[in-house]
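As stored in input-v1.cif (mmCIF, C-alpha atoms):
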data_query
#
loop_
_atom_site.label_atom_id
_atom_site.label_comp_id
_atom_site.auth_asym_id
_atom_site.auth_seq_id
_atom_site.Cartn_x
_atom_site.Cartn_y
_atom_site.Cartn_z
CA MET A 1 23.59 -6.51 -2.72
CA ASP A 2 25.61 -4.02 -0.68
CA LYS A 3 26.57 -1.67 -3.49
CA PRO A 4 25.59 1.82 -2.41
CA ASN A 5 23.50 3.69 -4.98
CA GLN A 6 24.30 7.32 -5.60
CA LEU A 7 21.04 9.28 -5.35
CA PRO A 8 20.07 11.40 -8.35
CA GLU A 9 20.58 15.13 -8.00
CA ILE A 10 17.41 17.20 -7.63
CA LEU A 11 17.87 19.97 -10.22
CA SER A 12 14.60 21.72 -9.44
CA LEU A 13 11.41 21.29 -7.46
CA SER A 14 8.14 23.12 -8.12
CA VAL A 15 4.44 22.79 -7.33
CA SER A 16 2.56 21.68 -10.43
CA ALA A 17 -0.93 21.39 -8.92
CA GLN A 18 -2.55 21.96 -5.56
CA SER A 19 -5.92 21.17 -4.00
CA ARG A 20 -7.30 21.37 -0.48
CA LEU A 21 -5.60 18.12 0.59
CA PHE A 22 -2.97 17.39 -2.02
CA THR A 23 0.11 19.16 -3.34
CA ILE A 24 1.74 17.70 -6.45
CA GLU A 25 5.40 18.49 -7.05
CA GLN A 26 7.33 18.40 -10.27
CA VAL A 27 10.87 17.17 -9.72
CA GLU A 28 13.69 17.54 -12.25
CA LEU A 29 16.31 14.88 -11.61
CA LYS A 30 19.78 14.09 -12.92
CA PHE A 31 20.76 10.46 -12.38
CA SER A 32 24.38 9.53 -11.64
CA ASN A 33 24.76 8.30 -15.23
CA GLY A 34 23.89 11.77 -16.51
CA VAL A 35 20.31 10.96 -17.63
CA GLU A 36 17.83 13.72 -16.78
CA ARG A 37 14.14 13.03 -16.07
CA GLN A 38 11.07 14.92 -14.96
CA TYR A 39 9.01 13.12 -12.30
CA GLU A 40 5.88 14.00 -10.37
CA ARG A 41 5.24 13.16 -6.75
CA MET A 42 2.85 14.06 -3.94
CA ARG A 43 4.35 16.35 -1.33
CA SER A 44 4.31 14.51 1.97
CA GLY A 45 3.13 16.70 4.77
CA GLY A 46 2.10 15.82 8.27
CA HIS A 47 3.55 13.44 10.76
CA GLY A 48 2.77 10.08 9.19
CA ALA A 49 -0.04 7.67 9.97
CA VAL A 50 -0.79 4.59 12.04
CA MET A 51 -2.64 1.31 11.50
CA VAL A 52 -3.65 -0.95 14.38
CA VAL A 53 -4.49 -4.68 14.57
CA PRO A 54 -6.47 -4.81 17.86
CA LEU A 55 -6.86 -8.11 19.71
CA LEU A 56 -10.07 -8.25 21.73
CA ASP A 57 -8.90 -11.51 23.28
CA GLU A 58 -6.49 -14.33 22.41
CA LYS A 59 -8.74 -15.59 19.65
CA THR A 60 -10.36 -12.47 18.16
CA MET A 61 -9.26 -9.38 16.28
CA LEU A 62 -11.38 -6.33 15.54
CA LEU A 63 -11.83 -4.84 12.08
CA ILE A 64 -13.97 -2.01 10.78
CA ARG A 65 -16.04 -1.65 7.65
CA GLU A 66 -15.76 1.91 6.36
CA TYR A 67 -16.67 3.88 3.26
CA ALA A 68 -13.68 4.43 0.95
CA CYS A 69 -14.11 7.35 -1.43
CA GLY A 70 -11.28 6.34 -3.80
CA THR A 71 -13.05 3.13 -4.75
CA HIS A 72 -16.62 4.22 -3.79
CA THR A 73 -17.06 0.99 -1.85
CA TYR A 74 -17.28 -0.11 1.77
CA GLU A 75 -13.97 -1.71 2.70
CA LEU A 76 -13.08 -4.08 5.51
CA GLY A 77 -9.84 -3.16 7.22
CA PHE A 78 -8.01 -2.12 10.35
CA VAL A 79 -8.30 1.05 12.41
CA LYS A 80 -6.05 3.73 10.90
CA GLY A 81 -5.50 7.45 10.91
CA LEU A 82 -3.09 10.35 10.77
CA ILE A 83 -0.74 11.24 13.62
CA ASP A 84 -1.63 14.63 15.10
CA PRO A 85 1.07 17.21 15.89
CA GLY A 86 2.76 16.39 19.20
CA GLU A 87 1.54 12.78 19.31
CA THR A 88 3.78 9.73 19.35
CA PRO A 89 2.71 6.97 16.95
CA GLU A 90 1.51 4.90 19.96
CA GLN A 91 -0.60 7.82 21.23
CA ALA A 92 -2.14 8.27 17.78
CA ALA A 93 -2.86 4.54 17.62
CA ASN A 94 -4.58 4.63 21.01
CA ARG A 95 -6.64 7.70 20.06
CA GLU A 96 -7.74 6.22 16.73
CA LEU A 97 -8.80 2.99 18.47
CA GLN A 98 -10.96 4.98 20.89
CA GLU A 99 -12.47 7.08 18.10
CA GLU A 100 -13.13 4.27 15.65
CA ILE A 101 -14.03 1.22 17.75
CA GLY A 102 -14.55 2.47 21.31
CA TYR A 103 -11.56 0.74 22.91
CA GLY A 104 -8.24 1.90 24.29
CA ALA A 105 -5.30 -0.48 24.68
CA SER A 106 -2.56 -0.80 27.30
CA LYS A 107 -0.07 -2.68 25.13
CA PHE A 108 1.17 -1.73 21.66
CA THR A 109 3.68 -3.81 19.70
CA LYS A 110 5.23 -2.16 16.64
CA LEU A 111 5.42 -4.46 13.62
CA LYS A 112 7.03 -2.26 10.95
CA SER A 113 6.79 1.14 9.30
CA LEU A 114 5.48 0.95 5.75
CA ALA A 115 5.62 3.25 2.75
CA MET A 116 2.48 3.46 0.64
CA ALA A 117 3.92 3.70 -2.85
CA PRO A 118 7.38 5.26 -2.55
CA THR A 119 7.57 6.04 -6.26
CA TYR A 120 5.01 8.81 -5.73
CA PHE A 121 4.50 9.31 -1.98
CA GLY A 122 6.78 10.05 0.93
CA SER A 123 4.36 9.20 3.71
CA THR A 124 4.98 6.53 6.34
CA MET A 125 2.46 4.35 8.19
CA HIS A 126 3.44 2.68 11.47
CA ILE A 127 1.79 -0.70 12.03
CA PHE A 128 0.93 -1.94 15.53
CA ILE A 129 -0.70 -4.85 17.29
CA ALA A 130 -2.83 -3.56 20.22
CA GLU A 131 -3.55 -5.82 23.21
CA GLU A 132 -5.08 -5.46 26.69
CA LEU A 133 -8.09 -3.50 25.42
CA TYR A 134 -10.40 -1.50 27.69
CA GLU A 135 -13.68 0.16 26.78
CA GLN A 136 -13.25 3.89 26.19
CA ARG A 137 -14.74 6.02 23.46
CA LEU A 138 -13.54 9.32 21.99
CA GLU A 139 -15.57 11.35 19.51
CA GLY A 140 -14.09 11.05 16.02
CA ASP A 141 -14.86 12.92 12.82
CA GLU A 142 -16.51 10.05 10.97
CA PRO A 143 -19.65 10.98 9.01
CA GLU A 144 -21.41 7.80 10.22
CA PRO A 145 -20.73 5.19 12.92
CA LEU A 146 -18.22 2.59 11.75
CA GLU A 147 -19.28 -1.03 11.66
CA VAL A 148 -17.01 -3.01 14.00
CA VAL A 149 -16.39 -6.59 12.89
CA GLN A 150 -15.05 -9.33 15.16
CA TRP A 151 -12.88 -11.78 13.24
CA PRO A 152 -11.42 -15.02 14.62
CA LEU A 153 -7.63 -15.24 14.47
CA ALA A 154 -8.17 -18.81 13.27
CA GLY A 155 -9.98 -17.38 10.21
CA ILE A 156 -7.16 -15.41 8.58
CA ASP A 157 -7.31 -17.49 5.37
CA ASN A 158 -11.01 -16.66 5.11
CA LEU A 159 -10.36 -12.94 5.68
CA MET A 160 -7.75 -12.93 2.90
CA VAL A 161 -10.35 -14.00 0.32
CA GLN A 162 -13.06 -11.52 1.35
CA GLN A 163 -13.94 -9.31 -1.61
CA ASP A 164 -13.89 -6.15 0.53
CA PHE A 165 -10.51 -6.85 2.18
CA ASN A 166 -8.18 -5.27 -0.38
CA ASP A 167 -5.97 -2.56 1.09
CA ALA A 168 -2.30 -3.55 0.63
CA ARG A 169 -1.47 -2.02 4.02
CA CYS A 170 -4.18 -4.10 5.74
CA VAL A 171 -2.96 -7.29 4.03
CA ALA A 172 0.63 -6.51 5.09
CA ALA A 173 -0.51 -5.73 8.67
CA LEU A 174 -2.58 -8.91 8.90
CA LEU A 175 0.20 -11.20 7.66
CA MET A 176 2.85 -9.49 9.82
CA ALA A 177 0.57 -9.94 12.84
CA GLN A 178 0.05 -13.58 11.89
CA THR A 179 3.82 -14.10 11.83
CA ARG A 180 4.37 -12.22 15.08
CA LEU A 181 1.61 -14.03 16.93
CA ALA A 182 2.74 -17.37 15.43
CA ILE A 183 -0.79 -18.24 14.36
CA MET B 1 -20.87 -8.91 9.61
CA ASP B 2 -23.21 -9.44 6.70
CA LYS B 3 -25.19 -6.23 6.99
CA PRO B 4 -25.08 -4.53 3.61
CA ASN B 5 -23.98 -0.90 3.77
CA GLN B 6 -25.87 1.59 1.69
CA LEU B 7 -23.33 3.58 -0.32
CA PRO B 8 -23.42 7.36 0.07
CA GLU B 9 -24.95 9.30 -2.77
CA ILE B 10 -22.50 11.29 -4.93
CA LEU B 11 -24.07 14.76 -5.09
CA SER B 12 -21.39 16.25 -7.31
CA LEU B 13 -17.97 15.47 -8.75
CA SER B 14 -15.51 18.04 -10.05
CA VAL B 15 -11.80 18.34 -10.84
CA SER B 16 -10.08 20.43 -8.16
CA ALA B 17 -6.50 20.16 -9.44
CA GLN B 18 -4.70 18.58 -12.34
CA SER B 19 -1.08 17.95 -13.26
CA ARG B 20 0.64 15.95 -16.00
CA LEU B 21 0.10 12.63 -14.17
CA PHE B 22 -2.52 13.29 -11.51
CA THR B 23 -6.12 14.44 -11.49
CA ILE B 24 -7.64 15.30 -8.11
CA GLU B 25 -11.42 15.17 -7.81
CA GLN B 26 -13.62 16.87 -5.29
CA VAL B 27 -16.56 14.66 -4.32
CA GLU B 28 -19.67 15.89 -2.51
CA LEU B 29 -21.29 12.99 -0.68
CA LYS B 30 -24.51 12.42 1.22
CA PHE B 31 -24.32 9.45 3.58
CA SER B 32 -27.37 7.29 4.22
CA ASN B 33 -27.85 8.98 7.62
CA GLY B 34 -28.19 12.35 5.87
CA VAL B 35 -24.71 13.68 6.76
CA GLU B 36 -23.04 15.54 3.87
CA ARG B 37 -19.27 15.67 3.41
CA GLN B 38 -16.75 16.96 0.89
CA TYR B 39 -13.93 14.49 0.11
CA GLU B 40 -10.99 14.58 -2.24
CA ARG B 41 -9.66 11.63 -4.20
CA MET B 42 -7.31 10.86 -7.07
CA ARG B 43 -9.07 10.01 -10.30
CA SER B 44 -8.05 6.48 -11.22
CA GLY B 45 -7.21 6.20 -14.86
CA GLY B 46 -5.55 3.43 -16.77
CA HIS B 47 -5.90 -0.29 -16.56
CA GLY B 48 -4.38 -1.05 -13.17
CA ALA B 49 -0.92 -2.30 -12.33
CA VAL B 50 0.95 -5.52 -11.62
CA MET B 51 3.60 -6.66 -9.14
CA VAL B 52 5.59 -9.86 -9.60
CA VAL B 53 7.49 -12.11 -7.18
CA PRO B 54 9.83 -13.99 -9.56
CA LEU B 55 11.39 -17.28 -8.51
CA LEU B 56 14.75 -17.90 -10.19
CA ASP B 57 14.77 -21.43 -8.76
CA GLU B 58 13.20 -23.28 -5.83
CA LYS B 59 15.35 -21.43 -3.33
CA THR B 60 15.78 -17.93 -4.77
CA MET B 61 13.59 -14.93 -5.57
CA LEU B 62 14.63 -11.85 -7.51
CA LEU B 63 14.17 -8.29 -6.29
CA ILE B 64 15.21 -4.96 -7.71
CA ARG B 65 16.69 -1.88 -6.10
CA GLU B 66 15.22 1.21 -7.74
CA TYR B 67 15.09 4.95 -7.16
CA ALA B 68 11.80 6.10 -5.58
CA CYS B 69 11.06 9.77 -6.12
CA GLY B 70 8.36 10.01 -3.41
CA THR B 71 10.86 9.20 -0.68
CA HIS B 72 14.05 10.23 -2.58
CA THR B 73 15.65 6.91 -1.62
CA TYR B 74 16.65 3.69 -3.34
CA GLU B 75 14.10 1.04 -2.40
CA LEU B 76 14.31 -2.73 -2.51
CA GLY B 77 11.17 -4.31 -3.92
CA PHE B 78 9.55 -6.44 -6.57
CA VAL B 79 9.14 -5.84 -10.29
CA LYS B 80 6.05 -3.72 -10.91
CA GLY B 81 4.44 -1.53 -13.52
CA LEU B 82 1.30 -0.31 -15.20
CA ILE B 83 -0.83 -2.48 -17.47
CA ASP B 84 -0.77 -1.15 -21.04
CA PRO B 85 -3.99 -0.87 -23.09
CA GLY B 86 -4.94 -4.27 -24.54
CA GLU B 87 -2.71 -6.27 -22.18
CA THR B 88 -3.93 -8.87 -19.73
CA PRO B 89 -2.42 -8.58 -16.23
CA GLU B 90 -0.30 -11.69 -16.96
CA GLN B 91 1.01 -10.15 -20.20
CA ALA B 92 1.89 -6.94 -18.36
CA ALA B 93 3.64 -8.97 -15.65
CA ASN B 94 5.69 -10.85 -18.26
CA ARG B 95 6.62 -7.63 -20.09
CA GLU B 96 7.67 -5.86 -16.88
CA LEU B 97 9.84 -8.83 -15.89
CA GLN B 98 11.61 -8.70 -19.25
CA GLU B 99 12.08 -4.92 -19.05
CA GLU B 100 13.21 -4.73 -15.44
CA ILE B 101 15.22 -7.91 -14.78
CA GLY B 102 15.80 -9.54 -18.19
CA TYR B 103 13.67 -12.64 -17.67
CA GLY B 104 10.36 -13.87 -19.01
CA ALA B 105 8.32 -16.50 -17.19
CA SER B 106 6.16 -19.40 -18.38
CA LYS B 107 4.06 -19.73 -15.23
CA PHE B 108 2.18 -16.99 -13.39
CA THR B 109 0.15 -17.63 -10.24
CA LYS B 110 -2.19 -14.85 -9.15
CA LEU B 111 -2.08 -14.18 -5.40
CA LYS B 112 -4.60 -11.35 -4.95
CA SER B 113 -5.57 -7.94 -6.30
CA LEU B 114 -4.72 -5.13 -3.91
CA ALA B 115 -5.91 -1.56 -3.50
CA MET B 116 -3.27 1.00 -2.61
CA ALA B 117 -5.16 3.25 -0.21
CA PRO B 118 -8.85 3.00 -1.09
CA THR B 119 -9.73 6.11 0.90
CA TYR B 120 -8.04 8.21 -1.78
CA PHE B 121 -7.22 5.99 -4.76
CA GLY B 122 -9.23 3.70 -7.00
CA SER B 123 -6.33 1.88 -8.60
CA THR B 124 -5.80 -1.88 -8.39
CA MET B 125 -2.55 -3.85 -8.41
CA HIS B 126 -2.58 -7.55 -9.32
CA ILE B 127 0.06 -9.60 -7.48
CA PHE B 128 1.67 -12.65 -9.09
CA ILE B 129 4.29 -15.28 -8.42
CA ALA B 130 6.32 -15.95 -11.61
CA GLU B 131 8.03 -19.31 -12.12
CA GLU B 132 9.83 -21.15 -14.94
CA LEU B 133 11.94 -18.12 -15.87
CA TYR B 134 13.83 -17.83 -19.16
CA GLU B 135 16.34 -15.17 -20.17
CA GLN B 136 14.78 -12.52 -22.39
CA ARG B 137 15.23 -8.78 -22.24
CA LEU B 138 12.94 -6.00 -23.46
CA GLU B 139 13.95 -2.35 -23.50
CA GLY B 140 12.19 -0.43 -20.68
CA ASP B 141 11.98 3.25 -19.95
CA GLU B 142 14.15 3.25 -16.84
CA PRO B 143 16.60 6.17 -16.56
CA GLU B 144 19.34 3.82 -15.33
CA PRO B 145 19.81 0.01 -15.22
CA LEU B 146 18.03 -1.51 -12.23
CA GLU B 147 20.07 -3.43 -9.70
CA VAL B 148 18.79 -7.02 -9.59
CA VAL B 149 19.12 -8.66 -6.17
CA GLN B 150 18.93 -12.41 -5.58
CA TRP B 151 17.34 -13.20 -2.22
CA PRO B 152 17.10 -16.67 -0.65
CA LEU B 153 13.54 -17.78 0.12
CA ALA B 154 14.95 -19.03 3.42
CA GLY B 155 15.85 -15.40 4.26
CA ILE B 156 12.39 -13.80 4.32
CA ASP B 157 12.73 -12.76 7.98
CA ASN B 158 15.95 -10.97 7.09
CA LEU B 159 14.33 -9.23 4.11
CA MET B 160 11.49 -7.98 6.33
CA VAL B 161 13.93 -6.04 8.53
CA GLN B 162 15.92 -4.42 5.69
CA GLN B 163 15.73 -0.65 6.01
CA ASP B 164 15.04 -0.21 2.29
CA PHE B 165 12.24 -2.83 2.08
CA ASN B 166 9.25 -0.67 3.00
CA ASP B 167 6.55 -0.67 0.33
CA ALA B 168 3.29 -2.02 1.84
CA ARG B 169 2.50 -3.73 -1.47
CA CYS B 170 5.89 -5.50 -1.50
CA VAL B 171 5.44 -6.63 2.12
CA ALA B 172 1.97 -7.95 1.28
CA ALA B 173 3.26 -9.70 -1.87
CA LEU B 174 6.19 -11.27 0.00
CA LEU B 175 4.06 -12.63 2.84
CA MET B 176 1.32 -13.88 0.49
CA ALA B 177 4.01 -15.67 -1.56
CA GLN B 178 5.44 -17.14 1.64
CA THR B 179 2.00 -18.52 2.56
CA ARG B 180 1.33 -19.84 -0.96
CA LEU B 181 4.73 -21.50 -1.27
CA ALA B 182 4.44 -22.86 2.30
CA ILE B 183 7.94 -21.61 3.18
#
Take the structure from the file and write it as structure tokens.
Amino acid sequence: MDKPNQLPEILSLSVSAQSRLFTIEQVELKFSNGVERQYERMRSGGHGAVMVVPLLDEKTMLLIREYACGTHTYELGFVKGLIDPGETPEQAANRELQEEIGYGASKFTKLKSLAMAPTYFGSTMHIFIAEELYEQRLEGDEPEPLEVVQWPLAGIDNLMVQQDFNDARCVAALLMAQTRLAI
Amino acid sequence: MDKPNQLPEILSLSVSAQSRLFTIEQVELKFSNGVERQYERMRSGGHGAVMVVPLLDEKTMLLIREYACGTHTYELGFVKGLIDPGETPEQAANRELQEEIGYGASKFTKLKSLAMAPTYFGSTMHIFIAEELYEQRLEGDEPEPLEVVQWPLAGIDNLMVQQDFNDARCVAALLMAQTRLAI
């Protein structure tokens, strides 16, 4: 399992479609065995994103229920957001907490950095546990107040079967937190 | 936590950019509090996707190392692929196994269906454990043979810290399999 793979050569790179938020690139590749392929991917801009599992106390985590446009449903999940220019991931995590649930945190523990779907996207999301919360609210850009949901750490199995708890990144964050906290 | 949310009204829906693989939609929304917003999302086509955690025996799972264009890296992860028209998720899982690692499986256990990033995408990925493997190969459309990696189930902690094991869906699948198999 230690054989190094030789990356394919990028023969050309061009923008094949562009909208307000998204830029789609066409990539012409030549693999090390000589095979050539045309792929498409989303251009990754920005500074990455964060997701936070906040612990209100030793027995309770905080989730939000938020409208998701991709699925046109309300989804249960963790606080998340993009890192602004000049912010560290921890600073972004603390800002998003204050904007989305009205708490800051004094202690952040990094769990892992995750890719969303590396076949098509280059973006990275840093996952944190936040502890030692304090009440502090920052104005966010949400179109409506987010519903904050207290969930018992003892009820992780129940959370996993909720019909509106679906985001792969939230499932990964939850189960990594469970491992880390030895629940 | 049982308050039903009233979905925003979709005022209009239009295609804002389109490439060979991707269609980006612009969505005009009116939230139940009267706030209007313009969002963008990827149109979800197709029949969803599958990801499979295959167990070679009671102590060993199989991963693949595959080129990921979005990150331009080789990534360690599980067998995955799109569901073809007319296939059940289990049939797609069995076909992808045969194409990517040269095994079929007699037993599939569904773990959960995951969304990728429901803010922007509507697609669903069904996650399975595959057991009772048998050697059988189908021709896939990969540009180069995939590297198949045997990983001990006792080494999940080690897998989690590998620098090329990053996909949120793979992390979720691994930790759900760990819970299900009571490792």
Report task. Please evaluate the PyMOL selection byres ((chain A) within 8 of (chain B)) against the displayed coordinates and give the resulting residues as a ChimeraX atom specification. Result -> /A:1,5,7,16-22,24,31,33,35-37,39-43,67-75,113-123,143-144,149,166-169,171-172,175-176
Check what the PyMOL selection byres ((chain B and resi 50) around 12) selects in the file above and give those residues as a tab-separated table (two decimals) with C-alpha atoms, in the coordinates of the input.
chain	number	residue	atom	x	y	z
B	47	HIS	CA	-5.90	-0.29	-16.56
B	48	GLY	CA	-4.38	-1.05	-13.17
B	49	ALA	CA	-0.92	-2.30	-12.33
B	51	MET	CA	3.60	-6.66	-9.14
B	52	VAL	CA	5.59	-9.86	-9.60
B	53	VAL	CA	7.49	-12.11	-7.18
B	78	PHE	CA	9.55	-6.44	-6.57
B	79	VAL	CA	9.14	-5.84	-10.29
B	80	LYS	CA	6.05	-3.72	-10.91
B	81	GLY	CA	4.44	-1.53	-13.52
B	82	LEU	CA	1.30	-0.31	-15.20
B	83	ILE	CA	-0.83	-2.48	-17.47
B	84	ASP	CA	-0.77	-1.15	-21.04
B	87	GLU	CA	-2.71	-6.27	-22.18
B	88	THR	CA	-3.93	-8.87	-19.73
B	89	PRO	CA	-2.42	-8.58	-16.23
B	90	GLU	CA	-0.30	-11.69	-16.96
B	91	GLN	CA	1.01	-10.15	-20.20
B	92	ALA	CA	1.89	-6.94	-18.36
B	93	ALA	CA	3.64	-8.97	-15.65
B	94	ASN	CA	5.69	-10.85	-18.26
B	95	ARG	CA	6.62	-7.63	-20.09
B	96	GLU	CA	7.67	-5.86	-16.88
B	97	LEU	CA	9.84	-8.83	-15.89
B	108	PHE	CA	2.18	-16.99	-13.39
B	110	LYS	CA	-2.19	-14.85	-9.15
B	111	LEU	CA	-2.08	-14.18	-5.40
B	112	LYS	CA	-4.60	-11.35	-4.95
B	113	SER	CA	-5.57	-7.94	-6.30
B	114	LEU	CA	-4.72	-5.13	-3.91
B	115	ALA	CA	-5.91	-1.56	-3.50
B	116	MET	CA	-3.27	1.00	-2.61
B	123	SER	CA	-6.33	1.88	-8.60
B	124	THR	CA	-5.80	-1.88	-8.39
B	125	MET	CA	-2.55	-3.85	-8.41
B	126	HIS	CA	-2.58	-7.55	-9.32
B	127	ILE	CA	0.06	-9.60	-7.48
B	128	PHE	CA	1.67	-12.65	-9.09
B	129	ILE	CA	4.29	-15.28	-8.42
B	130	ALA	CA	6.32	-15.95	-11.61
B	169	ARG	CA	2.50	-3.73	-1.47
B	170	CYS	CA	5.89	-5.50	-1.50
B	173	ALA	CA	3.26	-9.70	-1.87
**Report entry** Test item: residues at most 9 Å from A:Gly140, only C-alpha atoms, excluding those fewer than 4 positions along its chain, as a PyMOL selection string
**Finding:** chain A and resi 96+98-100
Okay, now the selection with C-alpha atoms, as an mmCIF file, in the frame of the given file?
data_model
loop_
_atom_site.group_PDB
_atom_site.id
_atom_site.type_symbol
_atom_site.label_atom_id
_atom_site.label_comp_id
_atom_site.auth_asym_id
_atom_site.auth_seq_id
_atom_site.Cartn_x
_atom_site.Cartn_y
_atom_site.Cartn_z
ATOM 1 C CA GLU A 96 -7.740 6.220 16.730
ATOM 2 C CA GLN A 98 -10.960 4.980 20.890
ATOM 3 C CA GLU A 99 -12.470 7.080 18.100
ATOM 4 C CA GLU A 100 -13.130 4.270 15.650
#
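For the pair atom CA of B:Leu146 and atom CA of A:Gly45, the separation is 29.0 Å.
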Query raised in the report: Expanded to explicit residues, what is the PyMOL selection byres ((chain B and resi 56) around 12) for this file, as a PyMOL selection string?
Result: chain B and resi 53-55+57-63+97+101-107+129-135+148-153
Axis-aligned box for stretch 55-73 of chain B, 8 Å per side, centre and edges in Å as JSON:
{"center_x": 12.5, "center_y": -6.5, "center_z": -5.4, "size_x": 24.3, "size_y": 49.5, "size_z": 25.5}
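With atom CA of A:Asp164 on one side and atom CA of B:Ser12 on the other, the separation reads 24.9 Å.
Atom CA of B:Gly77 is positioned 12.6 Å from atom CA of B:Ile156.
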